[in-house]
file input09.txt (compact mmCIF, C-alpha atoms)
# COMPACT_ATOMS: atom_id res chain seq x y z
CA MET A 205 59.25 41.67 -83.27
CA ALA A 206 61.15 41.22 -80.02
CA THR A 207 62.76 44.35 -78.65
CA GLU A 208 66.32 45.28 -79.60
CA GLU A 209 66.81 47.34 -76.42
CA PRO A 210 67.81 45.21 -73.41
CA MET A 211 68.49 47.18 -70.24
CA ILE A 212 72.10 47.91 -69.36
CA THR A 213 73.45 45.41 -66.87
CA PHE A 214 76.22 45.69 -64.31
CA LYS A 215 77.14 42.04 -64.91
CA ARG A 216 79.30 41.17 -67.90
CA GLU A 217 78.75 37.44 -67.54
CA TYR A 218 75.40 36.06 -66.52
CA THR A 219 73.34 32.88 -66.58
CA PRO A 220 70.33 33.60 -68.78
CA SER A 221 66.86 32.21 -68.32
CA VAL A 222 65.35 30.11 -71.07
CA GLU A 223 63.02 33.03 -71.77
CA GLU A 224 65.97 35.41 -72.25
CA LYS A 225 67.63 33.07 -74.73
CA HIS A 226 64.34 32.70 -76.60
CA ARG A 227 63.94 36.48 -76.70
CA ILE A 228 67.35 36.91 -78.31
CA ARG A 229 66.80 34.01 -80.74
CA ASP A 230 63.28 35.01 -81.76
CA GLY A 231 64.25 38.65 -82.23
CA LEU A 232 67.06 37.74 -84.61
CA LEU A 233 64.87 35.29 -86.53
CA ALA A 234 62.29 38.05 -86.98
CA VAL A 235 64.95 40.31 -88.46
CA ILE A 236 66.53 37.74 -90.78
CA ASP A 237 63.16 36.44 -91.96
CA SER A 238 61.93 39.94 -92.79
CA LYS A 239 61.63 41.20 -96.34
CA GLN A 240 64.79 42.39 -98.04
CA GLU A 241 64.94 46.16 -98.52
CA ALA A 242 66.73 48.39 -100.97
CA GLY A 243 70.47 48.78 -100.55
CA SER A 244 72.08 47.47 -97.39
CA GLN A 245 69.30 48.37 -94.93
CA LYS A 246 68.64 44.78 -93.90
CA GLU A 247 72.34 44.10 -93.29
CA GLN A 248 72.40 47.18 -91.09
CA ARG A 249 69.33 46.03 -89.14
CA ILE A 250 71.02 42.65 -88.58
CA GLN A 251 74.18 44.36 -87.37
CA SER A 252 72.15 46.63 -85.09
CA TYR A 253 70.45 43.59 -83.55
CA PHE A 254 73.79 41.88 -82.88
CA GLU A 255 75.07 45.10 -81.33
CA ALA A 256 72.02 45.30 -79.05
CA ASN A 257 72.31 41.60 -78.18
CA THR A 258 76.04 41.01 -78.11
CA GLU A 259 75.55 37.54 -76.63
CA LEU A 260 75.17 36.44 -80.27
CA PHE A 261 78.82 37.12 -81.15
CA SER A 262 80.77 33.88 -81.34
CA VAL A 263 83.30 33.11 -78.62
CA HIS A 264 85.14 30.59 -80.83
CA ASN A 265 88.08 32.91 -81.56
CA THR A 266 88.40 34.26 -78.02
CA TYR A 267 90.74 33.11 -75.29
CA LYS A 268 88.55 31.54 -72.58
CA ASN A 269 85.40 33.26 -73.95
CA PHE A 270 86.90 36.65 -73.09
CA PHE A 271 86.36 39.76 -75.22
CA HIS A 272 89.09 42.19 -74.22
CA GLN A 273 87.63 45.07 -72.17
CA ASN A 274 84.14 43.79 -73.03
CA MET A 275 84.31 45.67 -76.32
CA VAL A 276 83.17 45.02 -79.87
CA LEU A 277 84.29 47.54 -82.48
CA SER A 278 81.57 48.54 -84.94
CA LYS A 279 82.50 49.28 -88.58
CA CYS A 280 86.19 48.90 -87.91
CA PRO A 281 88.49 50.50 -90.52
CA ILE A 282 91.48 48.56 -91.84
CA GLY A 283 93.27 51.16 -93.92
CA SER A 284 91.02 51.80 -96.91
CA LEU A 285 88.87 48.76 -96.00
CA LYS A 286 86.20 48.47 -93.33
CA THR A 287 84.97 45.38 -91.47
CA ASP A 288 81.48 45.18 -89.96
CA TYR A 289 82.96 44.37 -86.57
CA ALA A 290 86.18 43.54 -84.79
CA TYR A 291 87.24 42.59 -81.28
CA LEU A 292 90.37 41.75 -79.31
CA SER A 293 91.08 38.85 -77.00
CA LYS A 294 94.10 38.54 -74.72
CA LYS A 295 96.03 35.79 -72.98
CA SER A 296 99.12 36.08 -70.82
CA ASP A 297 101.57 35.94 -73.72
CA GLY A 298 99.67 37.17 -76.74
CA TRP A 299 96.81 38.92 -78.48
CA ARG A 300 94.24 37.96 -81.06
CA VAL A 301 92.46 40.51 -83.24
CA VAL A 302 89.31 39.21 -84.92
CA PHE A 303 87.65 40.82 -87.94
CA GLY A 304 84.11 39.88 -88.97
CA GLU A 305 81.51 40.50 -91.64
CA PHE A 306 77.72 40.15 -91.88
CA GLU A 307 76.15 39.10 -95.16
CA LEU A 308 72.49 38.55 -95.94
CA PRO A 309 70.83 35.43 -94.50
CA GLU A 310 68.96 34.76 -97.75
CA ASP A 311 72.17 34.60 -99.78
CA LYS A 312 72.93 31.07 -100.93
CA PHE A 313 76.19 29.16 -100.54
CA PHE A 314 75.68 26.85 -103.50
CA LYS A 315 74.18 27.02 -106.96
CA VAL A 316 70.96 25.01 -107.34
CA GLY A 317 71.67 21.29 -107.71
CA SER A 318 75.44 21.88 -107.61
CA LEU A 319 78.47 21.87 -105.35
CA ASP A 320 79.69 25.07 -107.02
CA TYR A 321 79.60 28.21 -104.92
CA THR A 322 77.33 31.08 -105.90
CA ALA A 323 78.76 34.36 -107.16
CA LYS A 324 77.66 36.08 -103.92
CA PHE A 325 79.42 33.55 -101.71
CA ASN A 326 82.57 33.71 -103.84
CA HIS A 327 82.45 37.51 -103.55
CA ALA A 328 82.18 37.27 -99.75
CA LEU A 329 85.16 34.91 -99.63
CA GLN A 330 87.18 37.23 -101.86
CA GLN A 331 86.41 40.12 -99.54
CA MET A 332 87.73 38.14 -96.58
CA GLN A 333 90.83 37.28 -98.58
CA GLN A 334 91.36 40.99 -99.31
CA TRP A 335 91.39 41.67 -95.58
CA GLN A 336 93.87 38.88 -94.96
CA ILE A 337 96.22 40.19 -97.64
CA TYR A 338 95.98 43.76 -96.35
CA VAL A 339 96.64 42.71 -92.75
CA LYS A 340 99.63 40.61 -93.80
CA GLU A 341 101.16 43.40 -95.89
CA ASN A 342 100.40 46.19 -93.40
CA LYS A 343 100.78 44.50 -90.03
CA GLY A 344 102.70 47.40 -88.50
CA GLU A 345 99.94 49.85 -89.43
CA ILE A 346 97.29 47.53 -87.99
CA LEU A 347 99.19 47.13 -84.72
CA ARG A 348 99.60 50.91 -84.39
CA PHE A 349 95.87 51.36 -84.99
CA PHE A 350 94.97 49.02 -82.12
CA GLU A 351 97.81 50.13 -79.80
CA LEU A 352 95.60 52.21 -77.50
CA LEU A 353 93.38 49.19 -76.85
CA TYR A 354 96.34 47.00 -75.90
CA GLN A 355 95.94 47.29 -72.15
CA PRO A 356 97.83 46.96 -69.87
CA ILE A 357 100.61 48.86 -71.59
CA ASN A 358 103.30 46.39 -70.52
CA MET A 359 101.66 43.75 -72.74
CA ARG A 360 101.76 45.79 -75.94
CA ASP A 361 104.89 44.06 -77.21
CA ASN A 362 103.33 40.60 -76.93
CA PRO A 363 102.74 38.94 -80.32
CA THR A 364 99.45 39.41 -82.15
CA GLU A 365 97.65 36.93 -84.36
CA PHE A 366 94.62 37.62 -86.54
CA ALA A 367 91.40 35.72 -87.17
CA PHE A 368 88.50 36.25 -89.57
CA GLU A 369 84.78 35.47 -89.28
CA LEU A 370 82.06 35.42 -91.93
CA ILE A 371 78.36 35.21 -90.95
CA TYR A 372 76.42 34.25 -94.06
CA GLY A 373 73.27 32.44 -95.18
CA ARG A 374 71.31 29.70 -93.46
CA SER A 375 72.25 26.21 -92.31
CA GLU A 376 69.48 24.62 -94.38
CA ASP A 377 71.43 25.55 -97.49
CA LYS A 378 74.95 25.07 -96.09
CA ASN A 379 74.28 21.66 -94.54
CA LYS A 380 71.80 20.27 -97.07
CA THR A 381 74.12 17.38 -97.95
CA ARG A 382 77.22 15.85 -96.45
CA GLU A 383 79.20 16.97 -99.50
CA ARG A 384 78.17 20.57 -98.96
CA LYS A 385 79.23 20.47 -95.32
CA LEU A 386 82.60 18.99 -96.30
CA ASN A 387 83.13 21.63 -99.00
CA ILE A 388 82.45 24.51 -96.60
CA ALA A 389 84.68 22.96 -93.93
CA ALA A 390 87.53 22.50 -96.45
CA THR A 391 87.18 26.10 -97.68
CA ALA A 392 87.15 27.47 -94.12
CA LYS A 393 90.27 25.49 -93.25
CA SER A 394 92.21 26.33 -96.41
CA MET A 395 91.38 30.06 -96.17
CA ASN A 396 91.71 30.21 -92.35
CA ILE A 397 88.23 31.76 -92.00
CA ASP A 398 85.42 30.88 -89.61
CA ILE A 399 82.30 30.49 -91.78
CA MET A 400 79.06 30.56 -89.78
CA SER A 401 75.44 30.62 -90.85
CA TYR A 402 72.99 32.71 -88.84
CA ASP A 403 71.57 29.46 -87.46
CA THR A 404 75.05 28.54 -86.22
CA ALA A 405 75.30 31.88 -84.42
CA ILE A 406 71.92 31.26 -82.77
CA ASN A 407 72.73 27.65 -81.83
CA ASN A 408 76.09 28.65 -80.34
CA MET A 409 74.34 31.20 -78.14
CA MET A 410 71.57 28.77 -77.14
CA GLU A 411 74.07 26.05 -76.16
CA ARG A 412 76.20 28.22 -73.86
CA GLN A 413 75.36 27.97 -70.17
CA SER A 414 76.60 31.49 -69.44
CA LEU A 415 76.48 34.47 -71.77
CA ASN A 416 78.52 37.67 -71.98
CA ARG A 417 77.38 41.16 -72.86
CA LYS A 418 79.78 43.57 -74.49
CA ASN A 419 79.82 47.30 -75.12
CA VAL A 420 79.86 48.40 -78.75
CA ILE A 421 82.30 51.15 -79.62
CA SER A 422 83.40 53.16 -82.61
CA TYR A 423 87.15 53.63 -82.71
CA ASN A 424 89.43 55.61 -85.02
CA GLY A 425 92.82 54.65 -83.58
CA SER A 426 92.92 57.36 -80.92
CA VAL A 427 89.40 57.97 -79.56
CA ILE A 428 86.81 55.53 -78.18
CA ARG A 429 83.13 56.38 -78.46
CA TYR A 430 80.45 54.17 -76.95
CA LYS A 431 77.95 53.34 -79.64
CA ARG A 432 76.01 51.13 -77.22
CA LEU A 433 76.53 50.76 -73.48
CA ASN A 434 75.20 47.25 -72.90
CA VAL A 435 77.19 46.57 -69.75
CA PHE A 436 78.80 48.73 -67.09
CA PRO A 437 82.35 49.73 -68.25
CA GLU A 438 84.01 48.88 -64.97
CA TRP A 439 87.68 49.21 -65.99
CA ASP A 440 87.68 51.72 -68.86
CA PHE A 441 88.17 54.79 -66.70
CA SER A 442 91.20 53.29 -65.02
CA VAL A 443 93.20 52.96 -68.26
CA TYR A 444 91.87 55.71 -70.57
CA ASN A 445 91.77 59.46 -70.01
CA SER A 446 89.08 61.95 -71.06
CA GLU A 447 90.85 62.62 -74.39
CA GLN A 448 90.72 58.93 -75.23
CA ILE A 449 87.06 58.30 -74.35
CA ASN A 450 84.45 60.64 -75.77
CA LEU A 451 81.19 60.51 -73.79
CA THR A 452 77.83 61.83 -74.89
CA SER A 453 75.98 63.99 -72.38
CA GLU A 454 73.51 61.14 -71.81
CA GLN A 455 76.30 58.62 -71.17
CA ARG A 456 78.06 61.05 -68.85
CA SER A 457 74.88 61.57 -66.83
CA PHE A 458 74.19 57.85 -66.64
CA LEU A 459 77.69 57.07 -65.39
CA ILE A 460 77.57 59.80 -62.77
CA GLN A 461 74.21 58.48 -61.57
CA SER A 462 75.78 55.00 -61.43
CA GLY A 463 78.44 56.23 -59.03
CA VAL A 464 81.34 56.84 -61.44
CA ASP A 465 83.45 59.83 -60.42
CA ILE A 466 83.42 61.35 -63.91
CA GLU A 467 84.27 64.85 -62.68
CA SER A 468 87.54 63.65 -61.13
CA TRP A 469 88.32 61.58 -64.22
CA GLU A 470 87.77 64.61 -66.47
CA GLN A 471 90.21 66.54 -64.27
CA GLY A 472 92.95 63.94 -64.75
CA SER A 473 92.39 61.28 -62.10
CA THR A 474 92.35 57.61 -62.88
CA LEU A 475 89.49 55.58 -61.43
CA SER A 476 89.48 52.14 -59.88
CA GLN A 477 87.12 49.31 -60.72
CA GLY A 478 83.60 50.57 -60.26
CA GLY A 479 84.60 54.17 -60.97
CA ARG A 480 85.98 55.31 -57.64
CA LYS A 481 88.68 57.97 -57.56
CA THR A 482 92.30 56.88 -57.15
CA ARG A 483 95.37 59.02 -57.81
CA PRO A 484 95.54 61.90 -60.30
CA LEU A 485 96.94 60.75 -63.60
CA ALA A 486 99.35 63.69 -63.58
CA ASP A 487 100.82 62.47 -60.28
CA LEU A 488 101.41 59.01 -61.72
CA LEU A 489 103.04 60.40 -64.86
CA GLY A 490 105.12 62.81 -62.79
CA ARG A 491 107.08 59.94 -61.30
CA PHE A 492 108.60 59.31 -64.73
CA SER A 493 109.26 62.92 -65.77
CA ALA A 494 112.55 64.74 -65.43

call {"tool": "encode", "arguments": {"input": "input09.txt", "output": "structure tokens"}}
result
Amino acid sequence: MATEEPMITFKREYTPSVEEKHRIRDGLLAVIDSKQEAGSQKEQRIQSYFEANTELFSVHNTYKNFFHQNMVLSKCPIGSLKTDYAYLSKKSDGWRVVFGEFELPEDKFFKVGSLDYTAKFNHALQQMQQWQIYVKENKGEILRFFELLYQPINMRDNPTEFAFELIYGRSEDKNKTRERKLNIAATAKSMNIDIMSYDTAINNMMERQSLNRKNVISYNGSVIRYKRLNVFPEWDFSVYNSEQINLTSEQRSFLIQSGVDIESWEQGSTLSQGGRKTRPLADLLGRFSA
């Protein structure tokens, strides 16, 4: 199986070689074609592969292919619910928060010889609908949860819209007939959900001329932890303080070796792009204190 551990890069956007695209594609195919295991282990291995190769995440719901702060949130809680992933995208006058779910690639969309959906696919759609209902009924709570990530601060009052993605099954089943394709398209439109097969995710990545790597974080509404540093976090230390980002000792050492002035940041300074020291955060805040 192809490796799941690409080296960290200092470039968020890059033009991949054909070999790099094939590595990402073939690695995912090896995972999704592997034998199903007990419980949810295979789903977790799929998610881990996406998180190691974040080029596979769709850019369809982003503004200009831009993932805000180059971040994907892993296992994102929505109240009592939890999505496999989430991310933000920003434009000048608004935000979009996207929630997504991985299901098994061997799960079928349709019953054999029928245009009726399988119980598993109906269950996946119902789960997405649960999220939509929760977000609609608890929008204020959701906005408060993501508030820290709404950077810069002066854009926090801009309106937010929500989108939902489901990665499920294989295109051979979904697109077997024209009627099946039309049914899926109608369901996606009526439910306002992006429904992608794993083949669609691969094809979208293969067709893009440039690709983007993202960092994978865990986030509880107040603290960011890097689950995977796939790309250099060039702006994070200019907008978050040391109580808002929790670094492991290995991450701290790596960033210091990469030239980031972590010691100054830990003492209250904000850092510029690339991690250079600017003004102490306390000095900036002092201008607004009594």

call {"tool": "residues_around", "arguments": {"input": "input09.txt", "residues": "Phe314 in chain A", "least_positions_apart": "5", "cutoff": "9 Å", "atoms": "all atoms listed in the file", "output": "CSV table (one decimal) with C-alpha atoms, in the coordinates of the input"}}
result
chain,number,residue,atom,x,y,z
A,319,LEU,CA,78.5,21.9,-105.4
A,320,ASP,CA,79.7,25.1,-107.0
A,321,TYR,CA,79.6,28.2,-104.9
A,322,THR,CA,77.3,31.1,-105.9
A,323,ALA,CA,78.8,34.4,-107.2
A,325,PHE,CA,79.4,33.6,-101.7
A,377,ASP,CA,71.4,25.6,-97.5
A,378,LYS,CA,75.0,25.1,-96.1
A,384,ARG,CA,78.2,20.6,-99.0

call {"tool": "atom_distance", "arguments": {"input": "input09.txt", "atom1": "CA of Arg374 in chain A", "atom2": "CA of Ile421 in chain A"}}
result
27.8 Å

call {"tool": "residues_around", "arguments": {"input": "input09.txt", "residues": "range 215-217 of chain A", "least_positions_apart": "3", "cutoff": "10 Å", "atoms": "only C-alpha atoms", "output": "number ranges by chain"}}
result
A: 212, 220, 259, 270, 274, 414-419, 434-438

call {"tool": "closest_residue", "arguments": {"input": "input09.txt", "among": "A:Ile460, A:Leu232, A:Val339, A:Leu451", "to": "Leu285 in chain A", "atoms": "only C-alpha atoms"}}
result
A:Val339

call {"tool": "closest_residue", "arguments": {"input": "input09.txt", "among": "A:Leu386, A:Gly231, A:Gln413, A:Lys393", "to": "Asn269 in chain A", "atoms": "only C-alpha atoms"}}
result
A:Gln413

call {"tool": "residues_around", "arguments": {"input": "input09.txt", "residues": "Gln273 in chain A", "least_positions_apart": "2", "cutoff": "10 Å", "atoms": "only C-alpha atoms", "output": "ChimeraX atom specification"}}
result
/A:270-271,275-276,291-294,353-355,418-419,437-440

call {"tool": "closest_residue", "arguments": {"input": "input09.txt", "among": "A:Glu470, A:Asp361, A:Glu369, A:Glu345", "to": "Met332 in chain A", "atoms": "all atoms listed in the file"}}
result
A:Glu369

call {"tool": "residues_near_point", "arguments": {"input": "input09.txt", "point": "(98.6, 51.7, -80.0)", "cutoff": "12 Å", "atoms": "only C-alpha atoms", "output": "PyMOL selection string"}}
result
chain A and resi 344-361+423-427+448

call {"tool": "atom_distance", "arguments": {"input": "input09.txt", "atom1": "CA of Trp469 in chain A", "atom2": "CA of Glu255 in chain A"}}
result
27.2 Å

call {"tool": "closest_residue", "arguments": {"input": "input09.txt", "among": "A:Leu308, A:Asn450, A:Gln461, A:Gln333", "to": "Gln245 in chain A", "atoms": "all atoms listed in the file"}}
result
A:Leu308

call {"tool": "residues_near_point", "arguments": {"input": "input09.txt", "point": "(93.9, 35.0, -83.6)", "cutoff": "9 Å", "atoms": "only C-alpha atoms", "output": "PyMOL selection string"}}
result
chain A and resi 265-266+292-293+299-302+364-368

call {"tool": "write_last_selection", "arguments": {"input": "input09.txt", "atoms": "C-alpha atoms", "output": "compact mmCIF listing (two decimals), in the frame of the given file"}}
result
# COMPACT_ATOMS: atom_id res chain seq x y z
CA ASN A 265 88.08 32.91 -81.56
CA THR A 266 88.40 34.26 -78.02
CA LEU A 292 90.37 41.75 -79.31
CA SER A 293 91.08 38.85 -77.00
CA TRP A 299 96.81 38.92 -78.48
CA ARG A 300 94.24 37.96 -81.06
CA VAL A 301 92.46 40.51 -83.24
CA VAL A 302 89.31 39.21 -84.92
CA THR A 364 99.45 39.41 -82.15
CA GLU A 365 97.65 36.93 -84.36
CA PHE A 366 94.62 37.62 -86.54
CA ALA A 367 91.40 35.72 -87.17
CA PHE A 368 88.50 36.25 -89.57

call {"tool": "atom_distance", "arguments": {"input": "input09.txt", "atom1": "CA of Ser296 in chain A", "atom2": "CA of Gln477 in chain A"}}
result
20.5 Å

call {"tool": "decode", "arguments": {"input": "input09.txt", "residues": "range 305-317 of chain A", "atoms": "all heavy atoms", "output": "PDB file, in the first residue's frame"}}
result
ATOM      1  N   GLU A 305     -19.229  13.668   5.999  1.00  0.00           N
ATOM      2  CA  GLU A 305     -19.276  12.327   6.573  1.00  0.00           C
ATOM      3  C   GLU A 305     -18.695  11.315   5.593  1.00  0.00           C
ATOM      4  O   GLU A 305     -18.931  11.383   4.383  1.00  0.00           O
ATOM      5  CB  GLU A 305     -20.724  11.949   6.901  1.00  0.00           C
ATOM      6  CG  GLU A 305     -20.907  10.606   7.574  1.00  0.00           C
ATOM      7  CD  GLU A 305     -20.524  10.591   9.046  1.00  0.00           C
ATOM      8  OE1 GLU A 305     -20.140  11.662   9.582  1.00  0.00           O
ATOM      9  OE2 GLU A 305     -20.602   9.520   9.666  1.00  0.00           O
ATOM     10  N   PHE A 306     -17.916  10.366   6.125  1.00  0.00           N
ATOM     11  CA  PHE A 306     -17.421   9.226   5.358  1.00  0.00           C
ATOM     12  C   PHE A 306     -18.285   7.999   5.667  1.00  0.00           C
ATOM     13  O   PHE A 306     -18.529   7.696   6.833  1.00  0.00           O
ATOM     14  CB  PHE A 306     -15.980   8.876   5.743  1.00  0.00           C
ATOM     15  CG  PHE A 306     -14.976   9.956   5.454  1.00  0.00           C
ATOM     16  CD1 PHE A 306     -14.433  10.717   6.480  1.00  0.00           C
ATOM     17  CD2 PHE A 306     -14.552  10.196   4.160  1.00  0.00           C
ATOM     18  CE1 PHE A 306     -13.492  11.698   6.227  1.00  0.00           C
ATOM     19  CE2 PHE A 306     -13.615  11.181   3.892  1.00  0.00           C
ATOM     20  CZ  PHE A 306     -13.080  11.932   4.923  1.00  0.00           C
ATOM     21  N   GLU A 307     -18.716   7.310   4.634  1.00  0.00           N
ATOM     22  CA  GLU A 307     -19.348   6.010   4.797  1.00  0.00           C
ATOM     23  C   GLU A 307     -18.514   4.984   4.045  1.00  0.00           C
ATOM     24  O   GLU A 307     -17.562   5.328   3.339  1.00  0.00           O
ATOM     25  CB  GLU A 307     -20.790   6.041   4.275  1.00  0.00           C
ATOM     26  CG  GLU A 307     -21.706   6.996   5.027  1.00  0.00           C
ATOM     27  CD  GLU A 307     -22.010   6.559   6.460  1.00  0.00           C
ATOM     28  OE1 GLU A 307     -21.719   5.386   6.802  1.00  0.00           O
ATOM     29  OE2 GLU A 307     -22.517   7.387   7.243  1.00  0.00           O
ATOM     30  N   LEU A 308     -18.862   3.730   4.157  1.00  0.00           N
ATOM     31  CA  LEU A 308     -18.041   2.684   3.557  1.00  0.00           C
ATOM     32  C   LEU A 308     -18.167   2.664   2.036  1.00  0.00           C
ATOM     33  O   LEU A 308     -19.263   2.827   1.497  1.00  0.00           O
ATOM     34  CB  LEU A 308     -18.445   1.322   4.119  1.00  0.00           C
ATOM     35  CG  LEU A 308     -18.012   1.066   5.567  1.00  0.00           C
ATOM     36  CD1 LEU A 308     -18.647  -0.216   6.083  1.00  0.00           C
ATOM     37  CD2 LEU A 308     -16.495   0.991   5.673  1.00  0.00           C
ATOM     38  N   PRO A 309     -17.075   2.440   1.337  1.00  0.00           N
ATOM     39  CA  PRO A 309     -17.120   2.414  -0.134  1.00  0.00           C
ATOM     40  C   PRO A 309     -17.895   1.223  -0.684  1.00  0.00           C
ATOM     41  O   PRO A 309     -18.416   1.292  -1.802  1.00  0.00           O
ATOM     42  CB  PRO A 309     -15.647   2.347  -0.534  1.00  0.00           C
ATOM     43  CG  PRO A 309     -14.939   1.819   0.665  1.00  0.00           C
ATOM     44  CD  PRO A 309     -15.701   2.323   1.847  1.00  0.00           C
ATOM     45  N   GLU A 310     -17.986   0.136   0.071  1.00  0.00           N
ATOM     46  CA  GLU A 310     -18.714  -1.030  -0.428  1.00  0.00           C
ATOM     47  C   GLU A 310     -20.224  -0.933  -0.206  1.00  0.00           C
ATOM     48  O   GLU A 310     -20.981  -1.771  -0.716  1.00  0.00           O
ATOM     49  CB  GLU A 310     -18.182  -2.325   0.193  1.00  0.00           C
ATOM     50  CG  GLU A 310     -18.115  -2.320   1.699  1.00  0.00           C
ATOM     51  CD  GLU A 310     -16.739  -1.979   2.215  1.00  0.00           C
ATOM     52  OE1 GLU A 310     -16.118  -1.040   1.697  1.00  0.00           O
ATOM     53  OE2 GLU A 310     -16.281  -2.647   3.161  1.00  0.00           O
ATOM     54  N   ASP A 311     -20.670   0.068   0.525  1.00  0.00           N
ATOM     55  CA  ASP A 311     -22.109   0.242   0.734  1.00  0.00           C
ATOM     56  C   ASP A 311     -22.779   0.644  -0.580  1.00  0.00           C
ATOM     57  O   ASP A 311     -22.268   1.471  -1.324  1.00  0.00           O
ATOM     58  CB  ASP A 311     -22.375   1.308   1.798  1.00  0.00           C
ATOM     59  CG  ASP A 311     -22.044   0.817   3.196  1.00  0.00           C
ATOM     60  OD1 ASP A 311     -21.837  -0.402   3.365  1.00  0.00           O
ATOM     61  OD2 ASP A 311     -21.977   1.649   4.120  1.00  0.00           O
ATOM     62  N   LYS A 312     -23.924   0.067  -0.834  1.00  0.00           N
ATOM     63  CA  LYS A 312     -24.636   0.286  -2.093  1.00  0.00           C
ATOM     64  C   LYS A 312     -25.636   1.431  -1.969  1.00  0.00           C
ATOM     65  O   LYS A 312     -26.221   1.653  -0.913  1.00  0.00           O
ATOM     66  CB  LYS A 312     -25.366  -0.984  -2.524  1.00  0.00           C
ATOM     67  CG  LYS A 312     -24.461  -2.197  -2.715  1.00  0.00           C
ATOM     68  CD  LYS A 312     -23.452  -1.966  -3.821  1.00  0.00           C
ATOM     69  CE  LYS A 312     -22.611  -3.205  -4.094  1.00  0.00           C
ATOM     70  NZ  LYS A 312     -21.579  -2.980  -5.121  1.00  0.00           N
ATOM     71  N   PHE A 313     -25.828   2.130  -3.084  1.00  0.00           N
ATOM     72  CA  PHE A 313     -26.854   3.169  -3.154  1.00  0.00           C
ATOM     73  C   PHE A 313     -28.241   2.565  -3.386  1.00  0.00           C
ATOM     74  O   PHE A 313     -29.227   3.008  -2.800  1.00  0.00           O
ATOM     75  CB  PHE A 313     -26.552   4.134  -4.315  1.00  0.00           C
ATOM     76  CG  PHE A 313     -25.354   5.014  -4.104  1.00  0.00           C
ATOM     77  CD1 PHE A 313     -24.087   4.608  -4.501  1.00  0.00           C
ATOM     78  CD2 PHE A 313     -25.492   6.263  -3.517  1.00  0.00           C
ATOM     79  CE1 PHE A 313     -22.983   5.429  -4.329  1.00  0.00           C
ATOM     80  CE2 PHE A 313     -24.400   7.096  -3.336  1.00  0.00           C
ATOM     81  CZ  PHE A 313     -23.134   6.675  -3.742  1.00  0.00           C
ATOM     82  N   PHE A 314     -28.303   1.575  -4.257  1.00  0.00           N
ATOM     83  CA  PHE A 314     -29.587   1.048  -4.703  1.00  0.00           C
ATOM     84  C   PHE A 314     -29.715  -0.447  -4.397  1.00  0.00           C
ATOM     85  O   PHE A 314     -28.722  -1.180  -4.408  1.00  0.00           O
ATOM     86  CB  PHE A 314     -29.738   1.248  -6.224  1.00  0.00           C
ATOM     87  CG  PHE A 314     -29.778   2.689  -6.644  1.00  0.00           C
ATOM     88  CD1 PHE A 314     -28.615   3.353  -7.025  1.00  0.00           C
ATOM     89  CD2 PHE A 314     -30.978   3.391  -6.668  1.00  0.00           C
ATOM     90  CE1 PHE A 314     -28.647   4.685  -7.421  1.00  0.00           C
ATOM     91  CE2 PHE A 314     -31.018   4.725  -7.061  1.00  0.00           C
ATOM     92  CZ  PHE A 314     -29.846   5.367  -7.438  1.00  0.00           C
ATOM     93  N   LYS A 315     -30.953  -0.858  -4.176  1.00  0.00           N
ATOM     94  CA  LYS A 315     -31.249  -2.280  -4.068  1.00  0.00           C
ATOM     95  C   LYS A 315     -31.027  -2.939  -5.432  1.00  0.00           C
ATOM     96  O   LYS A 315     -31.152  -2.295  -6.472  1.00  0.00           O
ATOM     97  CB  LYS A 315     -32.689  -2.493  -3.608  1.00  0.00           C
ATOM     98  CG  LYS A 315     -32.975  -1.966  -2.211  1.00  0.00           C
ATOM     99  CD  LYS A 315     -34.441  -2.164  -1.840  1.00  0.00           C
ATOM    100  CE  LYS A 315     -34.735  -1.608  -0.457  1.00  0.00           C
ATOM    101  NZ  LYS A 315     -36.175  -1.743  -0.105  1.00  0.00           N
ATOM    102  N   VAL A 316     -30.707  -4.222  -5.418  1.00  0.00           N
ATOM    103  CA  VAL A 316     -30.409  -4.942  -6.658  1.00  0.00           C
ATOM    104  C   VAL A 316     -31.609  -4.895  -7.600  1.00  0.00           C
ATOM    105  O   VAL A 316     -32.744  -5.198  -7.198  1.00  0.00           O
ATOM    106  CB  VAL A 316     -30.029  -6.409  -6.359  1.00  0.00           C
ATOM    107  CG1 VAL A 316     -29.806  -7.184  -7.665  1.00  0.00           C
ATOM    108  CG2 VAL A 316     -28.787  -6.471  -5.485  1.00  0.00           C
ATOM    109  N   GLY A 317     -31.347  -4.470  -8.848  1.00  0.00           N
ATOM    110  CA  GLY A 317     -32.393  -4.442  -9.869  1.00  0.00           C
ATOM    111  C   GLY A 317     -33.505  -3.461  -9.589  1.00  0.00           C
ATOM    112  O   GLY A 317     -34.638  -3.640 -10.063  1.00  0.00           O
TER     113      GLY A 317
END
